[in-house]
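Here is entry.cif, consisting of mmCIF, C-alpha atoms and all ligand atoms:
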```cif
data_coords
#
loop_
_atom_site.group_PDB
_atom_site.id
_atom_site.type_symbol
_atom_site.label_atom_id
_atom_site.label_comp_id
_atom_site.auth_asym_id
_atom_site.auth_seq_id
_atom_site.Cartn_x
_atom_site.Cartn_y
_atom_site.Cartn_z
ATOM 1 C CA MET B 1 21.607 1.332 12.302
ATOM 2 C CA LYS B 2 20.544 3.812 15.022
ATOM 3 C CA ILE B 3 19.178 7.234 14.194
ATOM 4 C CA ASP B 4 19.067 10.113 16.615
ATOM 5 C CA LYS B 5 15.439 10.647 17.678
ATOM 6 C CA SER B 6 15.686 14.436 17.526
ATOM 7 C CA ALA B 7 16.930 14.149 13.923
ATOM 8 C CA ILE B 8 13.802 12.157 13.031
ATOM 9 C CA GLN B 9 11.416 14.669 14.602
ATOM 10 C CA ALA B 10 13.269 17.569 12.935
ATOM 11 C CA ALA B 11 13.135 15.877 9.504
ATOM 12 C CA VAL B 12 9.403 15.174 9.881
ATOM 13 C CA GLN B 13 8.658 18.743 10.985
ATOM 14 C CA THR B 14 10.791 20.311 8.243
ATOM 15 C CA ALA B 15 9.208 18.208 5.489
ATOM 16 C CA HIS B 16 5.788 19.160 6.778
ATOM 17 C CA SER B 17 6.481 22.886 6.712
ATOM 18 C CA ASP B 18 8.413 22.753 3.398
ATOM 19 C CA PHE B 19 5.604 21.015 1.491
ATOM 20 C CA THR B 20 2.506 22.454 3.153
ATOM 21 C CA PRO B 21 2.172 25.115 0.397
ATOM 22 C CA ASP B 22 0.295 23.835 -2.670
ATOM 23 C CA GLN B 23 2.503 21.394 -4.603
ATOM 24 C CA GLY B 24 0.089 20.762 -7.498
ATOM 25 C CA GLY B 25 -1.611 17.473 -8.369
ATOM 26 C CA LYS B 26 -5.294 16.534 -8.225
ATOM 27 C CA ASN B 27 -7.378 14.301 -5.992
ATOM 28 C CA ALA B 28 -8.382 11.005 -7.614
ATOM 29 C CA SER B 29 -11.812 11.546 -9.140
ATOM 30 C CA TYR B 30 -12.710 8.144 -10.637
ATOM 31 C CA ILE B 31 -13.788 7.151 -7.112
ATOM 32 C CA PRO B 32 -16.294 9.914 -6.199
ATOM 33 C CA TYR B 33 -15.548 9.806 -2.443
ATOM 34 C CA LEU B 34 -11.863 10.567 -2.988
ATOM 35 C CA ALA B 35 -12.646 13.689 -5.020
ATOM 36 C CA SER B 36 -14.447 15.126 -1.988
ATOM 37 C CA VAL B 37 -11.532 14.898 0.499
ATOM 38 C CA ASP B 38 -9.927 18.254 1.444
ATOM 39 C CA PRO B 39 -6.802 18.572 -0.776
ATOM 40 C CA ALA B 40 -5.025 20.696 1.835
ATOM 41 C CA LEU B 41 -4.827 17.817 4.327
ATOM 42 C CA PHE B 42 -1.226 16.773 4.940
ATOM 43 C CA GLY B 43 0.052 14.405 7.595
ATOM 44 C CA ILE B 44 3.383 12.670 8.142
ATOM 45 C CA SER B 45 4.525 9.954 10.537
ATOM 46 C CA VAL B 46 7.665 7.945 11.148
ATOM 47 C CA VAL B 47 7.581 4.810 13.297
ATOM 48 C CA THR B 48 10.837 3.067 14.156
ATOM 49 C CA ALA B 49 11.427 -0.687 14.195
ATOM 50 C CA ASP B 50 11.595 -0.416 17.991
ATOM 51 C CA GLY B 51 8.220 1.299 18.218
ATOM 52 C CA GLU B 52 8.907 5.041 18.626
ATOM 53 C CA VAL B 53 6.331 7.263 16.928
ATOM 54 C CA PHE B 54 6.959 10.696 15.334
ATOM 55 C CA GLU B 55 4.337 12.805 13.594
ATOM 56 C CA ALA B 56 3.437 16.173 12.101
ATOM 57 C CA GLY B 57 0.367 17.845 10.582
ATOM 58 C CA ASN B 58 -2.875 15.896 10.007
ATOM 59 C CA SER B 59 -1.311 12.633 11.172
ATOM 60 C CA ASP B 60 -4.524 11.506 12.900
ATOM 61 C CA PHE B 61 -6.848 12.078 9.925
ATOM 62 C CA GLU B 62 -8.360 8.800 8.653
ATOM 63 C CA PHE B 63 -8.025 8.296 4.896
ATOM 64 C CA ALA B 64 -8.741 5.437 2.500
ATOM 65 C CA LEU B 65 -5.920 2.882 2.402
ATOM 66 C CA GLU B 66 -6.590 2.059 -1.276
ATOM 67 C CA SER B 67 -3.704 0.368 -3.087
ATOM 68 C CA ILE B 68 -1.488 0.254 -0.029
ATOM 69 C CA SER B 69 -3.835 -2.541 1.111
ATOM 70 C CA LYS B 70 -2.238 -4.679 -1.622
ATOM 71 C CA VAL B 71 0.928 -4.996 0.496
ATOM 72 C CA PHE B 72 -0.918 -6.555 3.434
ATOM 73 C CA SER B 73 -3.046 -8.946 1.380
ATOM 74 C CA MET B 74 0.160 -9.970 -0.372
ATOM 75 C CA ALA B 75 1.648 -10.667 3.072
ATOM 76 C CA ARG B 76 -1.342 -12.796 4.040
ATOM 77 C CA ALA B 77 -1.295 -14.767 0.791
ATOM 78 C CA MET B 78 2.497 -15.329 0.883
ATOM 79 C CA ASP B 79 2.240 -16.375 4.524
ATOM 80 C CA GLU B 80 -0.557 -18.855 3.889
ATOM 81 C CA VAL B 81 0.226 -20.350 0.464
ATOM 82 C CA GLY B 82 4.023 -20.095 0.579
ATOM 83 C CA LEU B 83 6.454 -18.134 -1.550
ATOM 84 C CA PRO B 84 6.940 -20.586 -4.480
ATOM 85 C CA GLN B 85 3.227 -20.899 -5.158
ATOM 86 C CA PHE B 86 2.640 -17.181 -4.703
ATOM 87 C CA HIS B 87 5.444 -16.290 -7.095
ATOM 88 C CA ASP B 88 4.272 -18.808 -9.666
ATOM 89 C CA LYS B 89 0.624 -17.709 -9.599
ATOM 90 C CA VAL B 90 0.971 -13.927 -9.230
ATOM 91 C CA GLY B 91 4.530 -12.920 -10.144
ATOM 92 C CA ALA B 92 7.086 -10.279 -9.227
ATOM 93 C CA ASP B 93 7.749 -8.139 -12.279
ATOM 94 C CA PRO B 94 6.852 -4.542 -13.046
ATOM 95 C CA THR B 95 4.188 -4.196 -15.733
ATOM 96 C CA GLY B 96 5.441 -0.847 -17.025
ATOM 97 C CA GLU B 97 1.789 0.162 -17.376
ATOM 98 C CA PRO B 98 -0.697 2.045 -15.166
ATOM 99 C CA PHE B 99 -2.022 0.241 -12.088
ATOM 100 C CA ASN B 100 -5.352 -0.646 -13.702
ATOM 101 C CA SER B 101 -4.007 -1.642 -17.110
ATOM 102 C CA VAL B 102 -5.919 -4.246 -19.110
ATOM 103 C CA ILE B 103 -3.212 -4.200 -21.771
ATOM 104 C CA ALA B 104 -0.588 -5.344 -19.243
ATOM 105 C CA VAL B 105 -2.706 -8.431 -18.539
ATOM 106 C CA ALA B 106 -3.462 -9.128 -22.194
ATOM 107 C CA LEU B 107 0.216 -8.796 -23.187
ATOM 108 C CA HIS B 108 1.365 -11.418 -20.681
ATOM 109 C CA ASP B 109 -0.922 -14.427 -21.276
ATOM 110 C CA ASP B 110 -3.450 -13.114 -18.756
ATOM 111 C CA LYS B 111 -0.832 -13.281 -15.957
ATOM 112 C CA PRO B 112 -0.983 -10.326 -13.582
ATOM 113 C CA LEU B 113 2.866 -10.126 -13.108
ATOM 114 C CA SER B 114 2.697 -8.153 -9.854
ATOM 115 C CA PRO B 115 0.518 -8.371 -6.715
ATOM 116 C CA LEU B 116 0.722 -4.587 -6.435
ATOM 117 C CA VAL B 117 -1.326 -3.729 -9.531
ATOM 118 C CA ASN B 118 -5.103 -4.144 -9.549
ATOM 119 C CA ALA B 119 -5.042 -7.404 -11.553
ATOM 120 C CA GLY B 120 -2.431 -9.036 -9.317
ATOM 121 C CA ALA B 121 -4.094 -7.736 -6.177
ATOM 122 C CA MET B 122 -7.388 -9.394 -7.130
ATOM 123 C CA ALA B 123 -5.549 -12.632 -7.998
ATOM 124 C CA THR B 124 -3.819 -12.363 -4.600
ATOM 125 C CA VAL B 125 -7.147 -12.027 -2.797
ATOM 126 C CA SER B 126 -8.468 -15.039 -4.691
ATOM 127 C CA LEU B 127 -5.436 -17.104 -3.575
ATOM 128 C CA ILE B 128 -6.000 -16.585 0.159
ATOM 129 C CA PRO B 129 -7.479 -19.857 1.422
ATOM 130 C CA ALA B 130 -11.086 -19.273 2.589
ATOM 131 C CA GLY B 131 -14.468 -20.956 2.399
ATOM 132 C CA ASN B 132 -16.275 -17.861 1.181
ATOM 133 C CA ALA B 133 -15.944 -14.124 0.579
ATOM 134 C CA GLU B 134 -16.679 -13.184 4.194
ATOM 135 C CA ASP B 135 -13.923 -15.477 5.558
ATOM 136 C CA ARG B 136 -11.464 -14.076 3.058
ATOM 137 C CA TRP B 137 -12.446 -10.507 3.975
ATOM 138 C CA GLN B 138 -12.099 -11.171 7.708
ATOM 139 C CA LYS B 139 -8.596 -12.587 7.165
ATOM 140 C CA ILE B 140 -7.566 -9.500 5.227
ATOM 141 C CA LEU B 141 -9.055 -7.140 7.806
ATOM 142 C CA ALA B 142 -7.337 -9.042 10.634
ATOM 143 C CA THR B 143 -4.030 -8.784 8.784
ATOM 144 C CA GLN B 144 -4.382 -5.030 8.245
ATOM 145 C CA SER B 145 -5.271 -4.674 11.946
ATOM 146 C CA ALA B 146 -2.301 -6.770 13.112
ATOM 147 C CA PHE B 147 0.136 -4.694 11.054
ATOM 148 C CA ALA B 148 -1.442 -1.450 12.355
ATOM 149 C CA GLY B 149 -1.818 -2.626 15.956
ATOM 150 C CA ARG B 150 -5.453 -1.570 16.259
ATOM 151 C CA ASP B 151 -8.814 -2.620 14.833
ATOM 152 C CA ILE B 152 -8.933 -1.233 11.316
ATOM 153 C CA ARG B 153 -12.468 -0.682 10.038
ATOM 154 C CA LEU B 154 -14.216 -0.469 6.697
ATOM 155 C CA SER B 155 -15.600 2.885 5.600
ATOM 156 C CA ASP B 156 -19.071 2.256 4.197
ATOM 157 C CA ALA B 157 -18.900 5.606 2.411
ATOM 158 C CA VAL B 158 -15.664 4.720 0.585
ATOM 159 C CA ASN B 159 -16.772 1.162 -0.099
ATOM 160 C CA ASP B 160 -20.178 2.205 -1.498
ATOM 161 C CA SER B 161 -18.467 4.779 -3.683
ATOM 162 C CA GLU B 162 -16.026 2.200 -5.056
ATOM 163 C CA GLN B 163 -18.429 -0.744 -5.376
ATOM 164 C CA SER B 164 -20.817 1.345 -7.454
ATOM 165 C CA THR B 165 -18.117 2.529 -9.885
ATOM 166 C CA ASN B 166 -15.582 -0.345 -10.149
ATOM 167 C CA PHE B 167 -16.640 -1.680 -13.569
ATOM 168 C CA HIS B 168 -13.068 -1.536 -14.860
ATOM 169 C CA ASN B 169 -11.780 -3.804 -12.079
ATOM 170 C CA ARG B 170 -14.634 -6.232 -12.676
ATOM 171 C CA ALA B 171 -13.569 -6.465 -16.330
ATOM 172 C CA ILE B 172 -9.978 -7.194 -15.259
ATOM 173 C CA ALA B 173 -11.219 -9.891 -12.842
ATOM 174 C CA TRP B 174 -13.123 -11.639 -15.626
ATOM 175 C CA LEU B 175 -10.115 -11.350 -17.950
ATOM 176 C CA LEU B 176 -7.934 -13.111 -15.363
ATOM 177 C CA TYR B 177 -10.620 -15.742 -14.877
ATOM 178 C CA SER B 178 -10.790 -16.448 -18.590
ATOM 179 C CA GLY B 179 -6.997 -16.876 -18.596
ATOM 180 C CA GLY B 180 -6.994 -19.253 -15.604
ATOM 181 C CA THR B 181 -5.205 -16.836 -13.255
ATOM 182 C CA MET B 182 -8.089 -16.121 -10.872
ATOM 183 C CA TYR B 183 -8.447 -18.660 -8.047
ATOM 184 C CA SER B 184 -11.917 -17.907 -6.696
ATOM 185 C CA ASP B 185 -15.126 -16.547 -8.131
ATOM 186 C CA PRO B 186 -13.903 -13.380 -9.932
ATOM 187 C CA MET B 187 -16.693 -11.104 -8.682
ATOM 188 C CA GLU B 188 -16.088 -12.311 -5.143
ATOM 189 C CA ALA B 189 -12.384 -11.468 -5.471
ATOM 190 C CA CYS B 190 -13.224 -8.048 -6.912
ATOM 191 C CA ASP B 191 -15.713 -7.373 -4.104
ATOM 192 C CA VAL B 192 -13.221 -8.299 -1.348
ATOM 193 C CA TYR B 193 -10.397 -6.408 -3.071
ATOM 194 C CA THR B 194 -12.629 -3.328 -3.224
ATOM 195 C CA ARG B 195 -13.390 -3.648 0.487
ATOM 196 C CA GLN B 196 -9.710 -3.976 1.391
ATOM 197 C CA CYS B 197 -9.087 -0.659 -0.427
ATOM 198 C CA SER B 198 -11.940 1.009 1.499
ATOM 199 C CA THR B 199 -10.563 0.739 5.027
ATOM 200 C CA LEU B 200 -9.465 3.849 6.907
ATOM 201 C CA VAL B 201 -6.023 4.505 8.358
ATOM 202 C CA THR B 202 -4.120 7.504 9.721
ATOM 203 C CA ALA B 203 -0.547 8.397 8.786
ATOM 204 C CA VAL B 204 0.509 6.977 12.174
ATOM 205 C CA ASP B 205 -1.309 3.692 11.402
ATOM 206 C CA LEU B 206 0.376 3.539 8.025
ATOM 207 C CA ALA B 207 3.838 4.181 9.455
ATOM 208 C CA THR B 208 3.168 1.518 12.106
ATOM 209 C CA MET B 209 2.155 -0.947 9.373
ATOM 210 C CA GLY B 210 5.427 -0.139 7.618
ATOM 211 C CA ALA B 211 7.419 -0.419 10.844
ATOM 212 C CA THR B 212 5.967 -3.914 11.259
ATOM 213 C CA ILE B 213 7.482 -4.761 7.879
ATOM 214 C CA ALA B 214 10.747 -3.091 8.944
ATOM 215 C CA ALA B 215 10.702 -5.254 12.094
ATOM 216 C CA ARG B 216 10.298 -8.484 10.066
ATOM 217 C CA GLY B 217 6.609 -8.949 10.691
ATOM 218 C CA THR B 218 6.326 -8.206 14.418
ATOM 219 C CA ASN B 219 4.444 -5.023 15.266
ATOM 220 C CA PRO B 220 6.995 -2.980 17.245
ATOM 221 C CA VAL B 221 4.310 -1.179 19.274
ATOM 222 C CA THR B 222 2.089 -4.134 20.271
ATOM 223 C CA LYS B 223 4.971 -6.670 20.069
ATOM 224 C CA GLN B 224 2.530 -9.079 18.363
ATOM 225 C CA ALA B 225 3.509 -11.041 15.233
ATOM 226 C CA ALA B 226 1.418 -10.057 12.207
ATOM 227 C CA ILE B 227 2.665 -12.988 10.094
ATOM 228 C CA THR B 228 3.931 -16.470 10.832
ATOM 229 C CA HIS B 229 6.815 -16.647 8.305
ATOM 230 C CA PRO B 230 9.287 -13.744 8.566
ATOM 231 C CA ASP B 231 11.044 -15.059 5.449
ATOM 232 C CA ILE B 232 8.270 -13.481 3.370
ATOM 233 C CA ILE B 233 9.563 -9.990 4.276
ATOM 234 C CA PRO B 234 12.438 -9.775 1.735
ATOM 235 C CA PRO B 235 10.182 -10.822 -1.190
ATOM 236 C CA MET B 236 7.528 -8.358 0.006
ATOM 237 C CA LEU B 237 10.122 -5.569 -0.064
ATOM 238 C CA ALA B 238 11.257 -6.713 -3.517
ATOM 239 C CA GLU B 239 7.683 -6.516 -4.805
ATOM 240 C CA MET B 240 7.363 -3.004 -3.343
ATOM 241 C CA THR B 241 10.583 -1.964 -5.078
ATOM 242 C CA MET B 242 9.418 -3.336 -8.428
ATOM 243 C CA GLU B 243 5.890 -1.913 -8.536
ATOM 244 C CA GLY B 244 5.106 0.019 -5.346
ATOM 245 C CA LEU B 245 4.803 3.373 -7.070
ATOM 246 C CA TYR B 246 3.607 1.945 -10.409
ATOM 247 C CA THR B 247 5.226 3.567 -13.437
ATOM 248 C CA ALA B 248 7.240 5.806 -11.090
ATOM 249 C CA SER B 249 8.793 2.829 -9.220
ATOM 250 C CA GLY B 250 12.120 2.933 -11.080
ATOM 251 C CA ASP B 251 12.475 6.655 -10.599
ATOM 252 C CA TRP B 252 11.658 6.224 -6.895
ATOM 253 C CA ALA B 253 14.258 3.462 -6.478
ATOM 254 C CA TYR B 254 16.834 5.635 -8.259
ATOM 255 C CA ARG B 255 16.153 8.785 -6.266
ATOM 256 C CA VAL B 256 15.044 7.466 -2.860
ATOM 257 C CA GLY B 257 16.273 3.883 -2.678
ATOM 258 C CA LEU B 258 13.587 2.554 -0.337
ATOM 259 C CA PRO B 259 10.789 0.046 -1.052
ATOM 260 C CA GLY B 260 7.527 1.983 -1.095
ATOM 261 C CA LYS B 261 3.819 1.821 -1.766
ATOM 262 C CA SER B 262 1.275 4.455 -2.664
ATOM 263 C CA GLY B 263 -2.511 4.609 -2.849
ATOM 264 C CA VAL B 264 -4.962 6.872 -4.691
ATOM 265 C CA GLY B 265 -6.376 7.927 -1.305
ATOM 266 C CA GLY B 266 -3.193 10.018 -0.965
ATOM 267 C CA GLY B 267 -1.228 7.707 1.315
ATOM 268 C CA ILE B 268 2.383 6.720 0.694
ATOM 269 C CA LEU B 269 4.724 4.473 2.655
ATOM 270 C CA ALA B 270 8.458 3.745 2.503
ATOM 271 C CA VAL B 271 10.320 1.136 4.526
ATOM 272 C CA MET B 272 13.954 0.992 5.611
ATOM 273 C CA PRO B 273 14.292 -2.655 6.707
ATOM 274 C CA GLY B 274 15.417 -3.050 10.298
ATOM 275 C CA VAL B 275 15.211 0.688 10.957
ATOM 276 C CA LEU B 276 11.904 2.500 10.390
ATOM 277 C CA ALA B 277 9.019 3.355 8.105
ATOM 278 C CA ILE B 278 7.978 6.753 6.796
ATOM 279 C CA ALA B 279 4.331 7.446 5.901
ATOM 280 C CA ALA B 280 2.664 10.532 4.517
ATOM 281 C CA PHE B 281 -0.838 11.440 3.451
ATOM 282 C CA SER B 282 -2.086 14.211 1.199
ATOM 283 C CA PRO B 283 -4.825 13.714 -1.420
ATOM 284 C CA PRO B 284 -3.548 15.507 -4.581
ATOM 285 C CA LEU B 285 -1.900 12.952 -6.909
ATOM 286 C CA ASP B 286 0.549 13.054 -9.803
ATOM 287 C CA ALA B 287 -0.163 11.398 -13.171
ATOM 288 C CA ALA B 288 1.037 7.979 -11.952
ATOM 289 C CA GLY B 289 -1.390 8.046 -8.994
ATOM 290 C CA ASN B 290 1.079 8.957 -6.220
ATOM 291 C CA SER B 291 0.548 11.722 -3.619
ATOM 292 C CA VAL B 292 2.573 14.758 -4.715
ATOM 293 C CA ARG B 293 3.200 16.110 -1.219
ATOM 294 C CA GLY B 294 3.646 12.572 0.081
ATOM 295 C CA ARG B 295 6.333 11.677 -2.447
ATOM 296 C CA LYS B 296 8.259 14.863 -1.774
ATOM 297 C CA ALA B 297 7.985 14.596 2.002
ATOM 298 C CA VAL B 298 9.000 10.933 2.205
ATOM 299 C CA ALA B 299 11.916 11.475 -0.202
ATOM 300 C CA GLN B 300 13.173 14.469 1.777
ATOM 301 C CA ILE B 301 12.935 12.667 5.138
ATOM 302 C CA ALA B 302 14.755 9.611 3.757
ATOM 303 C CA SER B 303 17.506 11.830 2.378
ATOM 304 C CA ALA B 304 17.806 13.895 5.584
ATOM 305 C CA LEU B 305 18.201 10.696 7.629
ATOM 306 C CA LYS B 306 20.605 9.197 5.054
ATOM 307 C CA LEU B 307 18.354 6.211 4.449
ATOM 308 C CA ASN B 308 18.938 4.517 1.103
ATOM 309 C CA LEU B 309 19.229 0.769 0.654
ATOM 310 C CA TYR B 310 21.675 1.033 -2.187
HETATM 311 O O1 LIG Q 1 -8.831 -0.367 -7.519
HETATM 312 C C1 LIG Q 1 -8.613 0.837 -7.538
HETATM 313 O O2 LIG Q 1 -8.466 1.448 -8.586
HETATM 314 C C2 LIG Q 1 -8.489 1.563 -6.215
HETATM 315 N N1 LIG Q 1 -9.343 0.957 -5.239
HETATM 316 C C3 LIG Q 1 -7.067 1.546 -5.724
HETATM 317 C C4 LIG Q 1 -6.062 2.048 -6.735
HETATM 318 C C5 LIG Q 1 -4.874 2.667 -6.142
HETATM 319 O O3 LIG Q 1 -4.836 3.093 -5.004
HETATM 320 C C6 LIG Q 1 -3.727 2.878 -7.036
HETATM 321 N N2 LIG Q 1 -2.734 3.691 -6.376
HETATM 322 N N3 LIG Q 1 -2.055 4.568 -6.597
#
```

Would you put the structure from the file into structure tokens?
Ligand code: DON
Amino acid sequence: MKIDKSAIQAAVQTAHSDFTPDQGGKNASYIPYLASVDPALFGISVVTADGEVFEAGNSDFEFALESISKVFSMARAMDEVGLPQFHDKVGADPTGEPFNSVIAVALHDDKPLSPLVNAGAMATVSLIPAGNAEDRWQKILATQSAFAGRDIRLSDAVNDSEQSTNFHNRAIAWLLYSGGTMYSDPMEACDVYTRQCSTLVTAVDLATMGATIAARGTNPVTKQAAITHPDIIPPMLAEMTMEGLYTASGDWAYRVGLPGKSGVGGGILAVMPGVLAIAAFSPPLDAAGNSVRGRKAVAQIASALKLNLY
């Protein structure tokens, strides 16, 4: 499927001007750093599976990757441990509960169900083969960087803010451990998971990371492979469809029809396999934890370009 380049730039520009006025929502506040980011920031980018980049607004502002990091750690774990083991140990079903739900874990024999909620993301980190926390962290950082096509770095400010307030995630990590579904030291997994959420990306980075998924694991800008097994891409997209926008995932699939992923830093990503990825960033969130402007902008661009998997 080929899309006219001028249509992409027009859709990006129109979505940016349509949703620049206040759309409601509130910055995440349970992580103090995120509460302090300017809520008016709004950036959009589209990167195609052949490496063309489109952008509008604050597309070069660096924001915290947060939950979108779960997609790339999932990729690393699937790539290294293989799909059957990954599916068996983490799962692929929506929880129907908020992203940090303890109840979802307790209701399912301490199984996380999905790698895209906090419990499953920590189990995913713990599954990545590594001798210690630092090795595991370096693998995750290298994977984020390969998908983005540049050296992604940790924000000490975001990480300090999260590490000093993430008591809830530590409780979930211990709960998984007690149920036998955590595969490393639970505090080590929680620490590395928290770091992976605290890296900084721009909307262009995020769209490039998505375009690498759209291009079956080869970064279309650098032409470097970010994974070794392209057959992990369809299950990755399935996981994103099931749980990428948490309790709003079904609604998103119904209305937009593209696998997506959001983060409480205000980033959101949608992927049209083989074609392109759309990323947006704006900090104010809805009740499910998804960027309000981001959701609207990505949905409008997908509709304008007639992109819907179904
Ligand atoms: O673990 C947390 O709660 C955050 N570091 C990430 C959560 C997140 O981004 C959920 N997304 N909408």

How would you report the residues lying within 7 Å of ligand LIG 1 (chain Q), as a ChimeraX atom specification, if you count all atoms listed in the file? /B:66-68,99-100,118,162,169,194,197,245,262-265,289-290

Hits from the PyMOL selection byres (((chain B and resi 208) around 9) and not hetatm), listed as a list in words: Ser45, Val46, Val47, Thr48, Ala49, Gly51, Val53, Phe147, Ala148, Gly149, Ala203, Val204, Asp205, Leu206, Ala207, Met209, Gly210, Ala211, Thr212, Ile213, Asn219, Pro220, Val221, Leu276, Ala277, Ile278 and Ala279 of chain B

Where does the PyMOL selection byres (((chain B and resi 188) around 12) and not hetatm) land in this file, that is, which residues does it pick, as a PyMOL selection string? chain B and resi 122-123+125-127+130-137+163+169-170+173-174+177+182-187+189-195

Take the residues just selected and output them with C-alpha atoms as a PDB file, keeping the file's coordinate frame.
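What ended up in part-v2.pdb:
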```pdb
ATOM      1  CA  MET B 122      -7.388  -9.394  -7.130  1.00  0.00           C
ATOM      2  CA  ALA B 123      -5.549 -12.632  -7.998  1.00  0.00           C
ATOM      3  CA  VAL B 125      -7.147 -12.027  -2.797  1.00  0.00           C
ATOM      4  CA  SER B 126      -8.468 -15.039  -4.691  1.00  0.00           C
ATOM      5  CA  LEU B 127      -5.436 -17.104  -3.575  1.00  0.00           C
ATOM      6  CA  ALA B 130     -11.086 -19.273   2.589  1.00  0.00           C
ATOM      7  CA  GLY B 131     -14.468 -20.956   2.399  1.00  0.00           C
ATOM      8  CA  ASN B 132     -16.275 -17.861   1.181  1.00  0.00           C
ATOM      9  CA  ALA B 133     -15.944 -14.124   0.579  1.00  0.00           C
ATOM     10  CA  GLU B 134     -16.679 -13.184   4.194  1.00  0.00           C
ATOM     11  CA  ASP B 135     -13.923 -15.477   5.558  1.00  0.00           C
ATOM     12  CA  ARG B 136     -11.464 -14.076   3.058  1.00  0.00           C
ATOM     13  CA  TRP B 137     -12.446 -10.507   3.975  1.00  0.00           C
ATOM     14  CA  GLN B 163     -18.429  -0.744  -5.376  1.00  0.00           C
ATOM     15  CA  ASN B 169     -11.780  -3.804 -12.079  1.00  0.00           C
ATOM     16  CA  ARG B 170     -14.634  -6.232 -12.676  1.00  0.00           C
ATOM     17  CA  ALA B 173     -11.219  -9.891 -12.842  1.00  0.00           C
ATOM     18  CA  TRP B 174     -13.123 -11.639 -15.626  1.00  0.00           C
ATOM     19  CA  TYR B 177     -10.620 -15.742 -14.877  1.00  0.00           C
ATOM     20  CA  MET B 182      -8.089 -16.121 -10.872  1.00  0.00           C
ATOM     21  CA  TYR B 183      -8.447 -18.660  -8.047  1.00  0.00           C
ATOM     22  CA  SER B 184     -11.917 -17.907  -6.696  1.00  0.00           C
ATOM     23  CA  ASP B 185     -15.126 -16.547  -8.131  1.00  0.00           C
ATOM     24  CA  PRO B 186     -13.903 -13.380  -9.932  1.00  0.00           C
ATOM     25  CA  MET B 187     -16.693 -11.104  -8.682  1.00  0.00           C
ATOM     26  CA  ALA B 189     -12.384 -11.468  -5.471  1.00  0.00           C
ATOM     27  CA  CYS B 190     -13.224  -8.048  -6.912  1.00  0.00           C
ATOM     28  CA  ASP B 191     -15.713  -7.373  -4.104  1.00  0.00           C
ATOM     29  CA  VAL B 192     -13.221  -8.299  -1.348  1.00  0.00           C
ATOM     30  CA  TYR B 193     -10.397  -6.408  -3.071  1.00  0.00           C
ATOM     31  CA  THR B 194     -12.629  -3.328  -3.224  1.00  0.00           C
ATOM     32  CA  ARG B 195     -13.390  -3.648   0.487  1.00  0.00           C
TER      33      ARG B 195
END
```

Given the PyMOL selection byres (((chain B and resi 83) around 12) and not hetatm), the residues it picks as an NGL selection string: :B and (74-82 or 84-92 or 229-236)

For atom CA of B:Pro112 and atom CA of B:Thr181, the interatomic separation in Å (one decimal): 7.8 Å

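As for atom CA of B:Gly267 and atom CA of B:Leu116, they are spaced 14.7 Å apart.
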
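Atom CA of B:Ser114 sits 26.0 Å away from atom CA of B:Lys26.
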
Can you take stretch 39-62 of chain B from the block and write C-alpha atoms as a PDB file, in the first residue's frame?
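This went into part.pdb:
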```
ATOM      1  CA  PRO B  39       0.604  20.488  29.244  1.00  0.00           C
ATOM      2  CA  ALA B  40       0.469  22.633  26.103  1.00  0.00           C
ATOM      3  CA  LEU B  41       3.272  20.677  24.411  1.00  0.00           C
ATOM      4  CA  PHE B  42       1.999  18.815  21.353  1.00  0.00           C
ATOM      5  CA  GLY B  43       4.061  17.044  18.727  1.00  0.00           C
ATOM      6  CA  ILE B  44       3.190  14.617  15.943  1.00  0.00           C
ATOM      7  CA  SER B  45       5.298  12.495  13.603  1.00  0.00           C
ATOM      8  CA  VAL B  46       4.699   9.896  10.929  1.00  0.00           C
ATOM      9  CA  VAL B  47       7.538   7.694   9.685  1.00  0.00           C
ATOM     10  CA  THR B  48       6.930   5.373   6.749  1.00  0.00           C
ATOM     11  CA  ALA B  49       8.172   1.796   6.426  1.00  0.00           C
ATOM     12  CA  ASP B  50      10.579   3.087   3.771  1.00  0.00           C
ATOM     13  CA  GLY B  51      12.019   5.732   6.076  1.00  0.00           C
ATOM     14  CA  GLU B  52      10.335   9.041   5.149  1.00  0.00           C
ATOM     15  CA  VAL B  53       9.761  11.349   8.115  1.00  0.00           C
ATOM     16  CA  PHE B  54       6.859  13.816   8.573  1.00  0.00           C
ATOM     17  CA  GLU B  55       6.331  16.024  11.606  1.00  0.00           C
ATOM     18  CA  ALA B  56       4.431  18.925  13.140  1.00  0.00           C
ATOM     19  CA  GLY B  57       4.503  20.934  16.378  1.00  0.00           C
ATOM     20  CA  ASN B  58       6.836  19.981  19.255  1.00  0.00           C
ATOM     21  CA  SER B  59       8.075  16.879  17.439  1.00  0.00           C
ATOM     22  CA  ASP B  60      11.638  17.328  18.735  1.00  0.00           C
ATOM     23  CA  PHE B  61      10.721  17.693  22.424  1.00  0.00           C
ATOM     24  CA  GLU B  62      12.104  14.807  24.523  1.00  0.00           C
TER      25      GLU B  62
END
```
